[in-house]
file run17.cif (mmCIF, C-alpha atoms)
data_start
#
loop_
_atom_site.label_atom_id
_atom_site.label_comp_id
_atom_site.auth_asym_id
_atom_site.auth_seq_id
_atom_site.Cartn_x
_atom_site.Cartn_y
_atom_site.Cartn_z
CA MET A 1 -48.34 46.87 57.98
CA ALA A 2 -47.31 43.20 58.00
CA LEU A 3 -49.58 40.25 57.30
CA VAL A 4 -48.90 37.19 59.47
CA GLY A 5 -50.27 33.86 58.25
CA VAL A 6 -50.96 31.12 60.79
CA LEU A 7 -51.54 27.46 60.06
CA SER A 8 -51.51 24.24 62.01
CA ASP A 9 -51.89 20.52 61.76
CA THR A 10 -50.69 19.97 58.21
CA HIS A 11 -49.95 16.33 59.10
CA GLY A 12 -47.51 16.02 56.20
CA ARG A 13 -49.79 17.61 53.60
CA LEU A 14 -49.73 21.20 52.39
CA ALA A 15 -52.39 21.50 49.69
CA SER A 16 -51.80 23.99 46.91
CA GLU A 17 -54.84 25.95 48.19
CA ALA A 18 -53.19 26.34 51.59
CA TYR A 19 -49.93 27.43 50.00
CA ALA A 20 -51.81 29.96 47.87
CA ALA A 21 -53.74 31.26 50.90
CA LEU A 22 -50.42 32.15 52.57
CA ALA A 23 -48.69 33.58 49.49
CA ASP A 24 -49.43 37.20 50.48
CA CYS A 25 -48.01 36.85 54.00
CA ASP A 26 -44.92 38.66 55.30
CA ALA A 27 -44.37 36.04 58.04
CA ILE A 28 -45.82 32.60 58.74
CA ILE A 29 -46.43 30.73 61.99
CA HIS A 30 -46.97 26.95 62.05
CA ALA A 31 -48.54 25.75 65.32
CA GLY A 32 -47.35 22.14 65.13
CA ASP A 33 -48.08 18.70 63.74
CA ILE A 34 -46.01 19.61 60.72
CA CYS A 35 -45.06 15.99 60.02
CA SER A 36 -42.64 16.76 57.17
CA PRO A 37 -39.53 18.96 56.98
CA GLY A 38 -40.47 19.67 53.36
CA ILE A 39 -43.50 21.66 54.50
CA LEU A 40 -41.31 24.11 56.41
CA ALA A 41 -39.10 24.48 53.33
CA GLN A 42 -42.18 25.30 51.23
CA LEU A 43 -43.38 27.88 53.75
CA GLU A 44 -39.90 29.44 54.05
CA ALA A 45 -40.01 29.98 50.29
CA LEU A 46 -42.97 32.31 50.90
CA ALA A 47 -41.88 34.17 54.05
CA PRO A 48 -39.88 33.80 57.27
CA THR A 49 -41.49 30.92 59.15
CA TYR A 50 -41.74 30.20 62.88
CA ALA A 51 -42.84 26.71 63.90
CA VAL A 52 -43.35 24.56 66.98
CA LEU A 53 -43.43 20.82 67.54
CA GLY A 54 -46.77 19.05 67.77
CA ASN A 55 -47.58 15.68 69.28
CA ASN A 56 -46.89 14.02 65.91
CA ASP A 57 -43.55 15.77 65.31
CA PHE A 58 -40.11 14.54 66.22
CA ALA A 59 -36.64 16.07 66.32
CA GLU A 60 -36.34 15.96 62.52
CA TYR A 61 -36.35 19.77 62.24
CA GLY A 62 -33.26 20.48 64.31
CA ASP A 63 -32.93 23.26 66.85
CA ALA A 64 -35.02 25.70 64.82
CA VAL A 65 -38.27 24.03 65.92
CA ALA A 66 -39.02 23.46 69.61
CA ARG A 67 -42.02 23.14 71.91
CA PHE A 68 -42.51 26.93 72.03
CA ALA A 69 -41.81 29.90 69.77
CA ARG A 70 -41.87 33.53 70.85
CA PRO A 71 -41.50 35.59 67.68
CA VAL A 72 -41.89 39.34 67.65
CA ILE A 73 -43.28 40.39 64.28
CA ASP A 74 -43.53 44.10 63.47
CA GLY A 75 -43.42 44.79 67.20
CA VAL A 76 -46.21 42.33 68.14
CA ARG A 77 -45.28 39.62 70.68
CA PHE A 78 -46.52 36.10 69.90
CA LEU A 79 -46.46 32.95 72.01
CA VAL A 80 -46.85 29.79 69.93
CA ALA A 81 -47.40 26.25 71.21
CA HIS A 82 -49.21 23.22 69.88
CA TYR A 83 -51.41 22.51 72.89
CA PRO A 84 -54.09 25.00 73.99
CA ARG A 85 -53.17 24.50 77.66
CA ASP A 86 -49.61 25.66 76.95
CA VAL A 87 -50.78 29.18 76.03
CA GLN A 88 -53.36 29.62 78.81
CA ILE A 89 -51.75 32.26 80.98
CA GLY A 90 -52.51 32.32 84.70
CA PHE A 91 -51.08 34.14 87.70
CA ASN A 92 -47.87 32.11 87.52
CA GLY A 93 -47.45 32.36 83.77
CA CYS A 94 -47.98 29.26 81.65
CA ALA A 95 -45.92 26.46 80.16
CA GLY A 96 -44.71 28.81 77.43
CA CYS A 97 -43.90 31.82 79.60
CA SER A 98 -42.88 32.31 83.19
CA ALA A 99 -44.02 34.87 85.71
CA GLY A 100 -42.19 38.10 84.89
CA ASP A 101 -41.88 37.39 81.16
CA PRO A 102 -43.42 39.96 78.83
CA ILE A 103 -47.05 39.06 78.22
CA PRO A 104 -47.62 38.00 74.62
CA GLN A 105 -50.18 39.98 72.71
CA VAL A 106 -51.21 36.95 70.66
CA CYS A 107 -51.27 33.35 71.89
CA VAL A 108 -51.39 30.81 69.06
CA HIS A 109 -52.10 27.10 69.36
CA GLY A 110 -53.04 24.15 67.18
CA HIS A 111 -53.95 20.56 68.08
CA THR A 112 -57.75 20.86 68.16
CA HIS A 113 -58.20 21.23 64.38
CA VAL A 114 -61.08 23.61 65.21
CA PRO A 115 -60.78 27.37 64.49
CA ARG A 116 -60.76 29.60 67.58
CA LEU A 117 -60.55 33.36 67.90
CA GLU A 118 -60.91 34.96 71.32
CA TRP A 119 -60.30 38.53 72.46
CA GLY A 120 -61.20 40.75 75.37
CA PRO A 121 -61.78 39.07 78.76
CA ALA A 122 -61.71 35.58 77.17
CA ALA A 123 -58.12 36.10 75.99
CA ARG A 124 -56.67 38.00 78.95
CA PRO A 125 -53.98 38.73 79.81
CA ALA A 126 -53.14 38.38 76.09
CA GLN A 127 -55.13 40.40 73.57
CA PHE A 128 -55.95 37.41 71.35
CA VAL A 129 -55.98 33.63 71.45
CA VAL A 130 -55.92 32.12 67.97
CA CYS A 131 -56.18 28.58 66.64
CA PRO A 132 -56.25 28.52 62.84
CA GLY A 133 -57.99 25.14 62.63
CA SER A 134 -56.31 22.69 60.26
CA VAL A 135 -55.30 22.96 56.62
CA SER A 136 -55.51 19.18 56.11
CA LEU A 137 -57.81 17.49 58.63
CA PRO A 138 -60.46 19.94 59.91
CA ARG A 139 -62.88 18.97 62.67
CA GLY A 140 -66.14 20.26 64.10
CA GLY A 141 -67.77 20.72 60.71
CA PHE A 142 -65.32 23.47 59.71
CA PRO A 143 -63.52 23.60 56.37
CA CYS A 144 -59.73 23.62 55.99
CA SER A 145 -58.59 27.01 57.24
CA VAL A 146 -55.77 29.44 58.08
CA ALA A 147 -55.60 32.58 60.20
CA LYS A 148 -54.25 35.96 59.16
CA LEU A 149 -53.28 38.87 61.39
CA GLU A 150 -52.57 42.40 60.27
CA VAL A 151 -49.91 43.88 62.55
CA SER A 152 -48.09 47.17 62.56
CA GLU A 153 -45.69 48.86 64.97
CA GLY A 154 -46.71 46.74 67.96
CA ARG A 155 -50.45 46.83 67.27
CA ILE A 156 -52.91 44.32 65.90
CA ALA A 157 -55.18 45.90 63.29
CA GLY A 158 -57.21 42.85 62.34
CA VAL A 159 -57.48 39.10 62.81
CA ARG A 160 -59.44 36.66 60.70
CA ILE A 161 -59.72 32.95 60.24
CA GLU A 162 -60.59 32.05 56.70
CA ALA A 163 -61.45 28.93 54.78
CA LEU A 164 -59.01 28.03 52.01
CA ASP A 165 -61.59 29.29 49.50
CA GLY A 166 -61.26 32.74 51.09
CA GLY A 167 -64.54 32.77 53.02
CA VAL A 168 -64.20 34.35 56.47
CA LEU A 169 -65.07 32.03 59.38
CA LEU A 170 -64.20 34.31 62.34
CA GLU A 171 -62.85 37.86 62.50
CA TRP A 172 -61.96 40.84 64.65
CA PRO A 173 -63.02 43.49 64.44
CA GLU A 174 -66.33 41.85 63.69
CA ALA A 175 -67.90 42.81 60.37
CA GLN A 176 -70.70 45.31 60.72
CA GLY A 177 -73.93 44.82 58.84
#
call {"tool": "encode", "arguments": {"input": "run17.cif", "output": "structure tokens"}}
result
Amino acid sequence: MALVGVLSDTHGRLASEAYAALADCDAIIHAGDICSPGILAQLEALAPTYAVLGNNDFAEYGDAVARFARPVIDGVRFLVAHYPRDVQIGFNGCAGCSAGDPIPQVCVHGHTHVPRLEWGPAARPAQFVVCPGSVSLPRGGFPCSVAKLEVSEGRIAGVRIEALDGGVLLEWPEAQG
């Protein structure tokens, strides 16, 4: 079982609480608006990190960071982009994947600064659409947050978006009780 941490919209600031929230992750995804190469270096110190450019990022990261990322982590296919529209898959694919490409199991985006977790018909043809919110500038009345996905051998066992204090904002499977 691998734990994948997802964050977005750091805007040049990675608070110690955000760093600590990702310390148990086996891989990290940054969905753009990084705004400092130092942040990627900090995240790489924790785990292998996959990142995409946001609307406030420039070519300061070299070839390792582009508009899209398509990591496969413990057999699970991800599509990562900053803009929500770039991961909305239609009949002809989407900006991040073309018709005929393997369908990602998890589509990740940033930009909105508002946590989002969709599955089932709302996420199709992917299994999940995830926006972790923002670790520095949250919107919509939400606290600073990250997402975490438990993946193993090509399957997603659990997804949650949590506040930096550890409180769960959204999760699948949904808690019973």
call {"tool": "resolve_selection", "arguments": {"input": "run17.cif", "expression": "the PyMOL selection byres ((chain A and resi 111) around 12)", "output": "VMD selection string"}}
result
chain A and resid 7 to 11 30 to 34 52 to 57 80 to 86 108 to 110 112 to 116 130 to 135 137 to 139
call {"tool": "closest_atom_pairs", "arguments": {"input": "run17.cif", "of": "range 56-122 of chain A", "to": "range 152-160 of chain A", "cutoff": "7 Å", "atoms": "all atoms listed in the file", "output": "Markdown table"}}
result
| residue | atom | partner | partner_atom | distance |
| --- | --- | --- | --- | --- |
| A:Asp74 | CA | A:Glu153 | CA | 5.4 |
| A:Gly75 | CA | A:Gly154 | CA | 3.9 |
| A:Val76 | CA | A:Gly154 | CA | 4.4 |
call {"tool": "atom_distance", "arguments": {"input": "run17.cif", "atom1": "CA of Gly38 in chain A", "atom2": "CA of Ala15 in chain A"}}
result
12.6 Å
call {"tool": "residues_around", "arguments": {"input": "run17.cif", "residues": "Val4 in chain A", "least_positions_apart": "6", "cutoff": "6 Å", "atoms": "only C-alpha atoms", "output": "VMD selection string"}}
result
chain A and resid 25 to 28 148 to 149
call {"tool": "axis_aligned_box", "arguments": {"input": "run17.cif", "around": "range 100-110 of chain A", "padding_each_side": "5 Å", "output": "JSON"}}
result
{"center_x": -47.5, "center_y": 32.1, "center_z": 76.0, "size_x": 21.2, "size_y": 25.8, "size_z": 27.7}
call {"tool": "residues_around", "arguments": {"input": "run17.cif", "residues": "range 119-121 of chain A", "least_positions_apart": "4", "cutoff": "12 Å", "atoms": "all atoms listed in the file", "output": "NGL selection string"}}
result
:A and (105-107 or 125-130 or 156 or 158-160 or 170-174)
call {"tool": "resolve_selection", "arguments": {"input": "run17.cif", "expression": "the PyMOL selection byres ((chain A and resi 1) around 7)", "output": "ChimeraX atom specification"}}
result
/A:2-3,150-152
call {"tool": "residues_around", "arguments": {"input": "run17.cif", "residues": "range 161-167 of chain A", "least_positions_apart": "6", "cutoff": "7 Å", "atoms": "all atoms listed in the file", "output": "PDB file with C-alpha atoms, keeping the file's coordinate frame"}}
result
ATOM      1  CA  GLU A  17     -54.840  25.950  48.190  1.00  0.00           C
ATOM      2  CA  ALA A  18     -53.190  26.340  51.590  1.00  0.00           C
ATOM      3  CA  ALA A  21     -53.740  31.260  50.900  1.00  0.00           C
ATOM      4  CA  PRO A 132     -56.250  28.520  62.840  1.00  0.00           C
ATOM      5  CA  PRO A 143     -63.520  23.600  56.370  1.00  0.00           C
ATOM      6  CA  CYS A 144     -59.730  23.620  55.990  1.00  0.00           C
ATOM      7  CA  SER A 145     -58.590  27.010  57.240  1.00  0.00           C
ATOM      8  CA  VAL A 146     -55.770  29.440  58.080  1.00  0.00           C
ATOM      9  CA  ALA A 147     -55.600  32.580  60.200  1.00  0.00           C
ATOM     10  CA  LYS A 148     -54.250  35.960  59.160  1.00  0.00           C
TER      11      LYS A 148
END
call {"tool": "closest_residue", "arguments": {"input": "run17.cif", "among": "A:Ile39, A:Ala45, A:Ala20, A:Ala51", "to": "Val6 in chain A", "atoms": "all atoms listed in the file"}}
result
A:Ala51
call {"tool": "atom_distance", "arguments": {"input": "run17.cif", "atom1": "CA of Gln88 in chain A", "atom2": "CA of Tyr50 in chain A"}}
result
19.7 Å
call {"tool": "closest_residue", "arguments": {"input": "run17.cif", "among": "A:Arg77, A:Leu40, A:Ala47, A:Val87", "to": "Val65 in chain A", "atoms": "all atoms listed in the file"}}
result
A:Leu40
call {"tool": "closest_residue", "arguments": {"input": "run17.cif", "among": "A:Tyr61, A:Gly12, A:Leu22, A:Arg67", "to": "Cys97 in chain A", "atoms": "all atoms listed in the file"}}
result
A:Arg67
call {"tool": "atom_distance", "arguments": {"input": "run17.cif", "atom1": "CA of Glu60 in chain A", "atom2": "CA of Ala41 in chain A"}}
result
12.8 Å
call {"tool": "resolve_selection", "arguments": {"input": "run17.cif", "expression": "the PyMOL selection byres ((chain A and resi 101) around 12)", "output": "list of chain:residue names"}}
result
A:Arg70, A:Arg77, A:Leu79, A:Ile89, A:Phe91, A:Asn92, A:Gly93, A:Cys94, A:Ala95, A:Gly96, A:Cys97, A:Ser98, A:Ala99, A:Gly100, A:Pro102, A:Ile103, A:Pro104
